[in-house]
>>> print(open('model_35.cif').read())   # mmCIF, C-alpha atoms
data_protein
#
loop_
_atom_site.label_atom_id
_atom_site.label_comp_id
_atom_site.auth_asym_id
_atom_site.auth_seq_id
_atom_site.Cartn_x
_atom_site.Cartn_y
_atom_site.Cartn_z
CA MET A 1 -158.32 -51.22 49.90
CA ALA A 2 -155.87 -48.41 49.25
CA VAL A 3 -154.60 -46.87 46.06
CA ALA A 4 -151.26 -45.04 46.07
CA SER A 5 -150.56 -42.23 43.64
CA SER A 6 -147.68 -39.88 43.01
CA LEU A 7 -148.20 -36.46 41.40
CA ALA A 8 -145.66 -33.86 40.29
CA LEU A 9 -147.21 -30.39 40.40
CA SER A 10 -145.63 -27.81 38.08
CA GLY A 11 -142.17 -28.78 39.31
CA LEU A 12 -143.06 -27.56 42.80
CA ALA A 13 -143.36 -30.79 44.71
CA SER A 14 -143.98 -34.52 44.63
CA PHE A 15 -146.74 -35.95 46.76
CA GLN A 16 -147.40 -39.57 47.69
CA LEU A 17 -150.98 -39.99 48.79
CA CYS A 18 -152.69 -43.06 50.13
CA CYS A 19 -156.45 -43.02 49.46
CA CYS A 20 -158.81 -45.03 51.58
CA ASN A 21 -162.53 -45.10 52.20
CA THR A 22 -162.53 -42.47 54.90
CA LEU A 23 -163.24 -38.78 55.16
CA LEU A 24 -160.09 -36.68 55.46
CA ARG A 25 -159.61 -32.92 55.33
CA VAL A 26 -156.21 -31.24 55.76
CA LYS A 27 -155.61 -27.52 55.28
CA ASN A 28 -152.39 -25.52 55.57
CA SER A 29 -152.60 -21.78 54.96
CA ASP A 30 -148.83 -21.27 54.83
CA PHE A 31 -148.56 -23.04 51.50
CA GLY A 32 -152.10 -22.63 50.22
CA LEU A 33 -152.64 -26.36 50.54
CA SER A 34 -156.19 -27.67 50.65
CA LEU A 35 -156.65 -31.42 50.66
CA GLU A 36 -160.04 -33.07 50.78
CA ASN A 37 -161.12 -36.68 50.46
CA TYR A 38 -164.79 -37.50 49.86
CA HIS A 39 -166.13 -41.02 49.63
CA HIS A 40 -169.32 -41.59 47.64
CA LYS A 41 -170.97 -44.76 48.86
CA ARG A 42 -173.27 -45.17 45.86
CA ALA A 43 -170.49 -45.06 43.27
CA ALA A 44 -167.87 -46.54 45.60
CA THR A 45 -165.64 -43.70 44.49
CA THR A 46 -162.98 -41.74 46.35
CA LYS A 47 -162.39 -38.16 45.18
CA TRP A 48 -159.30 -36.14 46.02
CA ARG A 49 -159.02 -32.44 45.27
CA PHE A 50 -156.19 -30.28 46.45
CA LEU A 51 -154.78 -26.87 45.54
CA LEU A 52 -151.16 -25.73 45.63
CA GLY A 53 -149.88 -22.52 44.08
CA GLY A 54 -152.72 -22.18 41.58
CA VAL A 55 -152.73 -25.87 40.62
CA SER A 56 -156.01 -27.74 41.04
CA VAL A 57 -155.73 -31.51 41.07
CA LEU A 58 -158.80 -33.73 40.94
CA HIS A 59 -158.09 -37.36 41.72
CA VAL A 60 -161.10 -39.69 41.28
CA GLU A 61 -160.67 -43.30 42.28
CA ASN A 62 -162.89 -46.34 42.14
CA PRO A 63 -161.27 -48.91 44.42
CA TRP A 64 -162.34 -51.73 42.04
CA LYS A 65 -160.80 -50.20 38.91
CA PRO A 66 -157.23 -49.29 37.86
CA ALA A 67 -155.92 -45.95 39.10
CA ARG A 68 -156.74 -42.87 37.03
CA VAL A 69 -155.61 -39.35 37.71
CA MET A 70 -156.97 -36.16 36.17
CA VAL A 71 -154.86 -33.01 36.61
CA GLN A 72 -156.26 -29.54 36.05
CA HIS A 73 -153.77 -26.67 35.92
CA VAL A 74 -155.36 -23.27 36.29
CA VAL A 75 -153.10 -20.44 35.10
CA HIS A 76 -153.51 -17.15 36.95
CA ASN A 77 -155.47 -14.40 35.19
CA ASP A 78 -152.53 -12.04 35.26
CA GLN A 79 -150.50 -14.49 33.19
CA LEU A 80 -152.74 -15.06 30.17
CA GLY A 81 -155.65 -12.69 30.70
CA GLY A 82 -158.11 -15.40 31.68
CA ASP A 83 -158.53 -18.91 33.10
CA VAL A 84 -156.90 -21.57 30.99
CA VAL A 85 -157.53 -25.19 31.88
CA SER A 86 -155.55 -28.09 30.48
CA GLN A 87 -156.44 -31.68 31.21
CA GLY A 88 -154.55 -34.91 30.82
CA SER A 89 -154.62 -38.49 32.05
CA HIS A 90 -151.90 -40.93 32.96
CA LYS A 91 -152.23 -44.70 33.34
CA ASP A 92 -148.60 -45.84 33.22
CA LEU A 93 -148.20 -47.93 36.35
CA GLY A 94 -144.47 -48.23 35.66
CA SER A 95 -144.04 -44.60 36.62
CA LEU A 96 -145.26 -45.16 40.17
CA PRO A 97 -142.55 -44.70 42.85
CA LYS A 98 -140.57 -47.78 43.83
CA PRO A 99 -139.46 -48.68 47.37
CA LEU A 100 -136.13 -47.15 48.37
CA SER A 101 -133.14 -49.38 48.91
CA ILE A 102 -130.09 -48.75 51.09
CA SER A 103 -128.12 -47.68 48.00
CA ASP A 104 -130.84 -45.14 47.17
CA ILE A 105 -130.62 -43.62 50.64
CA VAL A 106 -126.83 -43.38 50.52
CA ALA A 107 -126.96 -41.82 47.04
CA ALA A 108 -129.55 -39.29 48.18
CA SER A 109 -127.19 -38.11 50.93
CA ASP A 110 -124.41 -37.38 48.42
CA ASP A 111 -123.36 -33.73 48.43
CA SER A 112 -123.40 -33.62 44.63
CA ALA A 113 -127.04 -34.71 44.37
CA LYS A 114 -129.60 -32.14 43.25
CA VAL A 115 -131.73 -31.29 46.27
CA ARG A 116 -134.28 -28.60 47.13
CA ILE A 117 -133.46 -26.77 50.38
CA SER A 118 -135.88 -24.42 52.12
CA TYR A 119 -134.72 -21.50 54.22
CA LYS A 120 -136.08 -18.34 55.84
CA GLY A 121 -135.58 -15.22 53.78
CA ILE A 122 -135.05 -14.31 50.15
CA PRO A 123 -132.18 -14.89 47.68
CA GLY A 124 -128.97 -13.36 48.98
CA SER A 125 -129.53 -14.23 52.63
CA TYR A 126 -126.82 -15.85 54.73
CA SER A 127 -128.97 -18.98 55.17
CA GLU A 128 -128.95 -19.45 51.42
CA ASP A 129 -125.16 -19.09 51.45
CA ALA A 130 -125.01 -21.87 54.04
CA ALA A 131 -127.20 -24.10 51.86
CA HIS A 132 -124.90 -23.58 48.86
CA LYS A 133 -121.82 -24.32 50.97
CA VAL A 134 -122.96 -27.78 51.99
CA TYR A 135 -124.86 -28.55 48.73
CA PRO A 136 -123.26 -26.51 45.90
CA ASN A 137 -125.74 -27.75 43.27
CA CYS A 138 -128.88 -27.34 45.37
CA GLU A 139 -132.06 -25.50 44.42
CA THR A 140 -133.12 -23.15 47.22
CA VAL A 141 -136.73 -22.53 48.31
CA PRO A 142 -137.21 -19.18 50.10
CA CYS A 143 -139.83 -19.11 52.88
CA HIS A 144 -141.48 -16.35 54.89
CA ASP A 145 -140.42 -17.70 58.30
CA TYR A 146 -138.71 -20.65 59.98
CA GLU A 147 -141.98 -22.46 60.65
CA ALA A 148 -142.83 -22.37 56.94
CA ALA A 149 -139.34 -23.60 56.07
CA PHE A 150 -139.81 -26.67 58.30
CA LYS A 151 -143.28 -27.35 56.90
CA ALA A 152 -141.94 -27.17 53.35
CA VAL A 153 -139.93 -30.32 54.08
CA GLU A 154 -142.79 -32.07 55.85
CA LEU A 155 -145.09 -31.39 52.86
CA TRP A 156 -142.44 -32.63 50.36
CA ILE A 157 -142.12 -29.17 48.80
CA ALA A 158 -138.43 -29.25 49.75
CA ASP A 159 -136.04 -32.08 50.54
CA LYS A 160 -134.19 -30.36 53.38
CA VAL A 161 -134.26 -27.20 55.48
CA VAL A 162 -131.31 -25.11 56.69
CA VAL A 163 -131.64 -22.97 59.82
CA PRO A 164 -129.15 -20.96 61.90
CA ILE A 165 -128.75 -22.33 65.40
CA GLU A 166 -126.02 -20.14 66.96
CA ASN A 167 -123.31 -17.60 66.19
CA SER A 168 -120.16 -16.46 67.93
CA SER A 169 -121.52 -12.97 68.74
CA GLY A 170 -125.22 -13.36 69.50
CA GLY A 171 -125.17 -16.88 70.94
CA SER A 172 -127.96 -19.43 70.52
CA ILE A 173 -131.10 -18.85 68.48
CA HIS A 174 -133.63 -20.19 70.95
CA ARG A 175 -136.60 -20.08 68.59
CA ASN A 176 -134.99 -22.66 66.34
CA TYR A 177 -134.18 -24.94 69.27
CA ASP A 178 -137.92 -25.06 69.98
CA LEU A 179 -138.60 -25.94 66.32
CA LEU A 180 -136.16 -28.86 66.49
CA LEU A 181 -138.38 -30.44 69.12
CA ARG A 182 -141.73 -29.44 67.60
CA HIS A 183 -141.07 -31.00 64.18
CA ARG A 184 -140.16 -34.62 63.51
CA LEU A 185 -137.22 -33.91 61.21
CA HIS A 186 -133.68 -35.25 61.55
CA ILE A 187 -130.42 -33.29 61.58
CA VAL A 188 -128.30 -34.55 58.66
CA ALA A 189 -125.57 -31.90 58.44
CA GLU A 190 -124.07 -28.85 60.11
CA VAL A 191 -122.53 -25.83 58.39
CA GLN A 192 -120.12 -23.28 59.85
CA LEU A 193 -120.09 -20.03 57.91
CA ALA A 194 -118.03 -16.88 58.35
CA THR A 195 -120.42 -13.91 58.29
CA ASN A 196 -119.10 -10.81 56.54
CA LEU A 197 -121.40 -7.81 57.02
CA SER A 198 -121.08 -5.21 54.26
CA LEU A 199 -122.56 -1.76 53.67
CA LEU A 200 -124.41 -1.65 50.33
CA ALA A 201 -125.98 1.21 48.36
CA LEU A 202 -127.23 2.09 44.89
CA PRO A 203 -124.61 2.74 42.18
CA GLY A 204 -123.31 6.29 42.40
CA VAL A 205 -124.23 6.75 46.06
CA ARG A 206 -121.36 7.56 48.41
CA VAL A 207 -121.18 6.98 52.17
CA GLU A 208 -121.65 10.66 53.02
CA TYR A 209 -124.97 10.69 51.14
CA LEU A 210 -126.55 8.12 53.46
CA LYS A 211 -129.09 9.24 56.05
CA ARG A 212 -130.33 5.80 57.14
CA VAL A 213 -129.27 2.17 57.04
CA LEU A 214 -131.63 -0.83 56.79
CA SER A 215 -130.94 -4.37 57.97
CA HIS A 216 -131.97 -7.13 60.35
CA SER A 217 -131.97 -6.02 63.98
CA GLN A 218 -129.10 -8.34 64.92
CA ALA A 219 -126.95 -7.14 61.99
CA LEU A 220 -127.52 -3.56 63.12
CA GLU A 221 -126.49 -4.45 66.67
CA LEU A 222 -123.36 -6.24 65.46
CA SER A 223 -122.38 -3.11 63.49
CA ASP A 224 -123.13 -0.63 66.26
CA ASN A 225 -119.72 1.09 66.35
CA PHE A 226 -119.57 1.50 62.57
CA LEU A 227 -123.08 2.95 62.34
CA THR A 228 -122.49 5.29 65.29
CA LYS A 229 -119.50 6.82 63.49
CA LEU A 230 -121.61 7.30 60.35
CA GLY A 231 -124.31 9.06 62.37
CA VAL A 232 -127.17 7.50 60.39
CA ALA A 233 -130.64 6.37 61.45
CA ARG A 234 -131.28 2.63 61.72
CA GLU A 235 -134.33 0.79 60.40
CA ASN A 236 -135.17 -2.85 61.13
CA VAL A 237 -136.34 -5.23 58.40
CA ASP A 238 -137.02 -8.98 58.39
CA ASP A 239 -133.64 -10.03 57.01
CA THR A 240 -130.43 -8.64 55.56
CA ALA A 241 -131.18 -9.63 51.96
CA GLY A 242 -134.61 -8.02 52.30
CA ALA A 243 -132.91 -4.75 53.19
CA ALA A 244 -130.79 -4.91 50.03
CA GLN A 245 -133.85 -5.73 47.92
CA HIS A 246 -135.80 -2.82 49.43
CA VAL A 247 -133.05 -0.31 48.68
CA ALA A 248 -132.68 -1.58 45.10
CA LEU A 249 -136.35 -1.90 44.13
CA ASP A 250 -137.49 1.36 45.72
CA GLY A 251 -134.50 3.35 44.51
CA LEU A 252 -133.55 4.67 47.93
CA TYR A 253 -130.62 7.00 47.23
CA ASP A 254 -130.47 8.22 50.83
CA ALA A 255 -130.41 4.72 52.35
CA GLY A 256 -127.92 1.89 52.59
CA ALA A 257 -128.26 -1.76 53.59
CA ILE A 258 -126.11 -4.06 55.68
CA ALA A 259 -126.08 -7.43 53.95
CA SER A 260 -123.82 -9.91 52.18
CA ILE A 261 -121.67 -9.27 49.13
CA ARG A 262 -123.74 -11.87 47.29
CA ALA A 263 -126.87 -9.79 47.99
CA ALA A 264 -125.13 -6.83 46.34
CA GLU A 265 -124.50 -8.95 43.23
CA ILE A 266 -128.10 -10.17 43.09
CA TYR A 267 -129.77 -6.76 43.51
CA GLY A 268 -127.24 -4.63 41.61
CA LEU A 269 -125.85 -2.65 44.55
CA ASN A 270 -122.36 -1.32 45.18
CA VAL A 271 -120.28 -2.38 48.19
CA LEU A 272 -119.28 0.75 50.11
CA ALA A 273 -117.55 -1.05 53.00
CA GLU A 274 -116.79 -4.65 53.99
CA LYS A 275 -116.59 -6.29 57.42
CA VAL A 276 -118.42 -3.49 59.19
CA GLN A 277 -119.19 -5.72 62.21
CA ASP A 278 -117.71 -4.73 65.57
CA ASP A 279 -116.11 -8.16 66.04
CA GLY A 280 -113.37 -8.99 63.58
CA GLU A 281 -114.91 -12.35 62.69
CA ILE A 282 -118.40 -13.76 63.22
CA ILE A 283 -118.91 -17.50 62.79
CA SER A 284 -122.46 -18.75 62.40
CA ARG A 285 -123.48 -22.39 62.77
CA TYR A 286 -126.37 -23.80 60.74
CA LEU A 287 -128.18 -27.13 60.87
CA VAL A 288 -129.61 -29.01 57.88
CA LEU A 289 -132.64 -31.21 58.58
CA ALA A 290 -134.44 -33.80 56.45
CA ARG A 291 -137.36 -36.19 56.72
CA ASP A 292 -135.10 -39.22 57.13
CA PRO A 293 -131.84 -39.69 59.08
CA ILE A 294 -128.60 -40.46 57.28
CA ILE A 295 -126.46 -43.56 57.63
CA PRO A 296 -123.20 -42.67 59.42
CA LYS A 297 -120.02 -43.39 57.45
CA SER A 298 -116.66 -44.40 58.83
CA ASP A 299 -114.62 -41.96 56.71
CA LYS A 300 -115.85 -38.84 58.55
CA LEU A 301 -116.06 -37.54 62.11
CA PHE A 302 -119.66 -37.51 63.31
CA LYS A 303 -121.58 -35.53 65.88
CA THR A 304 -124.86 -36.46 67.60
CA SER A 305 -127.50 -34.08 68.97
CA ILE A 306 -130.02 -35.11 71.65
CA VAL A 307 -132.66 -33.50 73.86
CA PHE A 308 -133.84 -34.83 77.24
CA THR A 309 -135.56 -33.92 80.49
CA LEU A 310 -134.74 -34.87 84.08
CA ASP A 311 -136.53 -35.10 87.39
CA GLU A 312 -135.79 -32.43 89.98
CA GLY A 313 -133.15 -33.36 92.54
CA PRO A 314 -129.57 -32.75 93.70
CA GLY A 315 -126.88 -33.93 91.31
CA VAL A 316 -129.30 -35.12 88.61
CA LEU A 317 -127.71 -33.05 85.83
CA PHE A 318 -124.25 -34.12 87.02
CA LYS A 319 -125.27 -37.76 86.67
CA ALA A 320 -126.61 -37.09 83.17
CA LEU A 321 -123.37 -35.51 82.01
CA ALA A 322 -121.28 -38.19 83.71
CA VAL A 323 -122.59 -40.89 81.34
CA PHE A 324 -120.58 -39.21 78.59
CA ALA A 325 -117.47 -38.42 80.65
CA LEU A 326 -117.21 -42.04 81.82
CA ARG A 327 -116.91 -43.11 78.17
CA ASP A 328 -114.53 -40.35 77.01
CA ILE A 329 -117.20 -38.69 74.87
CA ASN A 330 -116.57 -34.98 74.34
CA LEU A 331 -119.53 -32.59 74.71
CA THR A 332 -119.43 -29.65 72.27
CA LYS A 333 -122.68 -27.91 73.23
CA ILE A 334 -125.18 -27.84 76.09
CA GLU A 335 -128.31 -25.67 76.03
CA SER A 336 -131.25 -25.52 78.42
CA ARG A 337 -134.74 -24.31 77.51
CA PRO A 338 -137.83 -24.12 79.77
CA GLN A 339 -140.62 -26.40 78.62
CA ARG A 340 -143.28 -24.22 77.05
CA ASN A 341 -146.18 -26.59 77.69
CA ARG A 342 -145.17 -27.09 81.35
CA PRO A 343 -142.92 -24.21 82.45
CA LEU A 344 -143.18 -24.84 86.20
CA ARG A 345 -142.99 -28.01 88.28
CA VAL A 346 -144.37 -28.17 91.82
CA VAL A 347 -142.32 -30.34 94.17
CA ASP A 348 -143.49 -31.31 97.67
CA ASP A 349 -140.74 -31.49 100.27
CA SER A 350 -141.37 -32.58 103.86
CA ASN A 351 -138.87 -30.01 105.17
CA THR A 352 -139.54 -26.93 103.06
CA GLY A 353 -143.09 -27.57 101.84
CA SER A 354 -144.13 -27.00 98.23
CA ALA A 355 -141.63 -25.43 95.83
CA LYS A 356 -141.87 -24.41 92.20
CA TYR A 357 -139.06 -25.02 89.72
CA PHE A 358 -138.63 -24.37 86.04
CA ASP A 359 -138.99 -27.57 84.06
CA TYR A 360 -136.11 -27.62 81.60
CA LEU A 361 -135.25 -29.32 78.33
CA PHE A 362 -131.54 -30.01 77.86
CA TYR A 363 -130.02 -30.00 74.39
CA ILE A 364 -126.59 -31.63 74.04
CA ASP A 365 -124.20 -32.13 71.11
CA PHE A 366 -121.45 -34.72 71.51
CA GLU A 367 -118.62 -35.99 69.31
CA ALA A 368 -119.53 -39.58 68.53
CA SER A 369 -121.54 -41.52 65.99
CA MET A 370 -124.66 -43.47 66.87
CA THR A 371 -122.96 -46.51 65.34
CA GLU A 372 -120.28 -46.47 68.07
CA PRO A 373 -120.93 -48.83 71.01
CA ARG A 374 -119.80 -46.20 73.53
CA ALA A 375 -122.46 -43.75 72.29
CA GLN A 376 -125.17 -46.42 72.40
CA THR A 377 -124.13 -47.43 75.92
CA ALA A 378 -124.08 -43.80 77.10
CA LEU A 379 -127.58 -43.11 75.81
CA GLY A 380 -128.83 -46.37 77.29
CA HIS A 381 -127.40 -45.29 80.65
CA LEU A 382 -128.95 -41.82 80.31
CA GLN A 383 -132.34 -43.30 79.51
CA GLU A 384 -132.39 -45.04 82.90
CA PHE A 385 -133.05 -41.76 84.75
CA ALA A 386 -134.14 -39.32 82.00
CA THR A 387 -137.87 -38.72 81.90
CA PHE A 388 -137.69 -37.99 78.17
CA LEU A 389 -134.96 -38.61 75.58
CA ARG A 390 -134.89 -38.04 71.84
CA VAL A 391 -132.05 -38.23 69.31
CA LEU A 392 -132.33 -35.20 67.01
CA GLY A 393 -129.76 -36.44 64.54
CA CYS A 394 -126.34 -37.92 63.83
CA TYR A 395 -124.38 -36.03 61.17
CA PRO A 396 -120.86 -35.26 59.88
CA MET A 397 -118.92 -32.55 61.73
CA ASP A 398 -118.09 -29.42 59.73
CA THR A 399 -114.46 -28.57 60.40
CA THR A 400 -114.23 -25.86 57.73
CA ILE A 401 -115.00 -22.14 57.91
#
>>> encode(input="model_35.cif", output="structure tokens")
Amino acid sequence: MAVASSLALSGLASFQLCCCNTLLRVKNSDFGLSLENYHHKRAATTKWRFLLGGVSVLHVENPWKPARVMVQHVVHNDQLGGDVVSQGSHKDLGSLPKPLSISDIVAASDDSAKVRISYKGIPGSYSEDAAHKVYPNCETVPCHDYEAAFKAVELWIADKVVVPIENSSGGSIHRNYDLLLRHRLHIVAEVQLATNLSLLALPGVRVEYLKRVLSHSQALELSDNFLTKLGVARENVDDTAGAAQHVALDGLYDAGAIASIRAAEIYGLNVLAEKVQDDGEIISRYLVLARDPIIPKSDKLFKTSIVFTLDEGPGVLFKALAVFALRDINLTKIESRPQRNRPLRVVDDSNTGSAKYFDYLFYIDFEASMTEPRAQTALGHLQEFATFLRVLGCYPMDTTI
């Protein structure tokens, strides 16, 4: 017998838990999540206790009685000078979550809906700008790294995650391609964003006062000519917005930061120079992922992303790409990545003996919706000789900059 409960913790997240008479322990250090389930045979009681951001929730269930939830919120000592515990109970079964309908799913995919989007970095980063472009009314959730941003969605702390996947100057971001395969999330949108690198400094500081410039390593590389003319030292930080925050909070009058104009507004810095990148225009492409796929609509152009593997042999990749060409499906992206769990494949050949090859994953984006018969037929054809095939998502194309 199972009892389902839904808890909202200090506005941070909503969890749907299914309790059963088993022992379960899940821990995640990235979000301070500790989830334990103990079953007491004598009392026939199931006890849940989990912690998230200073919130302690004790959920005691007797499978033969109506559900009852006790929530304990422990306020940090530095907030009120001591531990303060408040308790409350809730028995309103009408507040339990109801099954989603098709109309609910379509409404949830509306751009005007209020959603929580996780991203790597802090406020003022370019990833946050991308999130606001596709969802203007969204609430952003900053995370320490990309892995944590993905897990935020899987743990229902955020609804969606936005990650950069490539840009016109630096090319593909391979780390995030690996995360697409590692996590079971679905691509639901893409965002193309023009990146404008600006030189920021504290109010009153002029360019000639600067002795060093802080930013992300890639931003420093993209501004190499500009920084060489300035003759300043370069210091790497985790992200561009972090550089702006560091200069502002530490009062670094001899240092500048390369970041966005929005970061200057957030941290109270002056813009000394705009578009300091070597290339006149840098376009970055971001992907938005969610727990559930979206339903393709007929009023927009859609793109589909897949990943697959092939056996070693002459012309195998040509055959894989031909399934799209035969059906007039345009490919917009192809990326290959060695498999990390099996980087080499040993092939026995009667003529040349044993040979070792890299075992590759192939990522492909093509212009077609999964609702189109030609796309379904092409993937069915590809599946006949692909050793592995997975659809990463079907989503509207972003034709704006």
>>> atom_distance(input="model_35.cif", atom1="atom CA of A:Leu252", atom2="atom CA of A:Leu202")
7.5 Å
>>> residues_around(input="model_35.cif", residues="stretch 378-387 of chain A", least_positions_apart="4", cutoff="12 Å", atoms="all atoms listed in the file", output="JSON, numbers by chain")
{"A": [304, 305, 306, 307, 308, 309, 310, 311, 312, 313, 315, 316, 317, 318, 319, 320, 321, 322, 323, 324, 325, 326, 327, 328, 329, 330, 359, 360, 361, 362, 364, 366, 368, 369, 370, 371, 372, 373, 374, 391]}
>>> write_last_selection(input="model_35.cif", atoms="C-alpha atoms", output="tab-separated table (two decimals), keeping the file's coordinate frame")
chain	number	residue	atom	x	y	z
A	304	THR	CA	-124.86	-36.46	67.60
A	305	SER	CA	-127.50	-34.08	68.97
A	306	ILE	CA	-130.02	-35.11	71.65
A	307	VAL	CA	-132.66	-33.50	73.86
A	308	PHE	CA	-133.84	-34.83	77.24
A	309	THR	CA	-135.56	-33.92	80.49
A	310	LEU	CA	-134.74	-34.87	84.08
A	311	ASP	CA	-136.53	-35.10	87.39
A	312	GLU	CA	-135.79	-32.43	89.98
A	313	GLY	CA	-133.15	-33.36	92.54
A	315	GLY	CA	-126.88	-33.93	91.31
A	316	VAL	CA	-129.30	-35.12	88.61
A	317	LEU	CA	-127.71	-33.05	85.83
A	318	PHE	CA	-124.25	-34.12	87.02
A	319	LYS	CA	-125.27	-37.76	86.67
A	320	ALA	CA	-126.61	-37.09	83.17
A	321	LEU	CA	-123.37	-35.51	82.01
A	322	ALA	CA	-121.28	-38.19	83.71
A	323	VAL	CA	-122.59	-40.89	81.34
A	324	PHE	CA	-120.58	-39.21	78.59
A	325	ALA	CA	-117.47	-38.42	80.65
A	326	LEU	CA	-117.21	-42.04	81.82
A	327	ARG	CA	-116.91	-43.11	78.17
A	328	ASP	CA	-114.53	-40.35	77.01
A	329	ILE	CA	-117.20	-38.69	74.87
A	330	ASN	CA	-116.57	-34.98	74.34
A	359	ASP	CA	-138.99	-27.57	84.06
A	360	TYR	CA	-136.11	-27.62	81.60
A	361	LEU	CA	-135.25	-29.32	78.33
A	362	PHE	CA	-131.54	-30.01	77.86
A	364	ILE	CA	-126.59	-31.63	74.04
A	366	PHE	CA	-121.45	-34.72	71.51
A	368	ALA	CA	-119.53	-39.58	68.53
A	369	SER	CA	-121.54	-41.52	65.99
A	370	MET	CA	-124.66	-43.47	66.87
A	371	THR	CA	-122.96	-46.51	65.34
A	372	GLU	CA	-120.28	-46.47	68.07
A	373	PRO	CA	-120.93	-48.83	71.01
A	374	ARG	CA	-119.80	-46.20	73.53
A	391	VAL	CA	-132.05	-38.23	69.31
>>> closest_residue(input="model_35.cif", among="A:Ala241, A:Ile122, A:Glu154, A:Arg116", to="A:Pro136", atoms="only C-alpha atoms")
A:Arg116
>>> closest_residue(input="model_35.cif", among="A:Glu208, A:Gly170, A:Lys229, A:Ile283", to="A:Thr400", atoms="all atoms listed in the file")
A:Ile283
>>> atom_distance(input="model_35.cif", atom1="atom CA of A:Leu179", atom2="atom CA of A:Ile165")
10.5 Å
>>> resolve_selection(input="model_35.cif", expression="the PyMOL selection byres ((chain A and resi 150) around 10)", output="ChimeraX atom specification")
/A:118-120,143,145-149,151-155,158,160-163,179-180,182-185,289-291
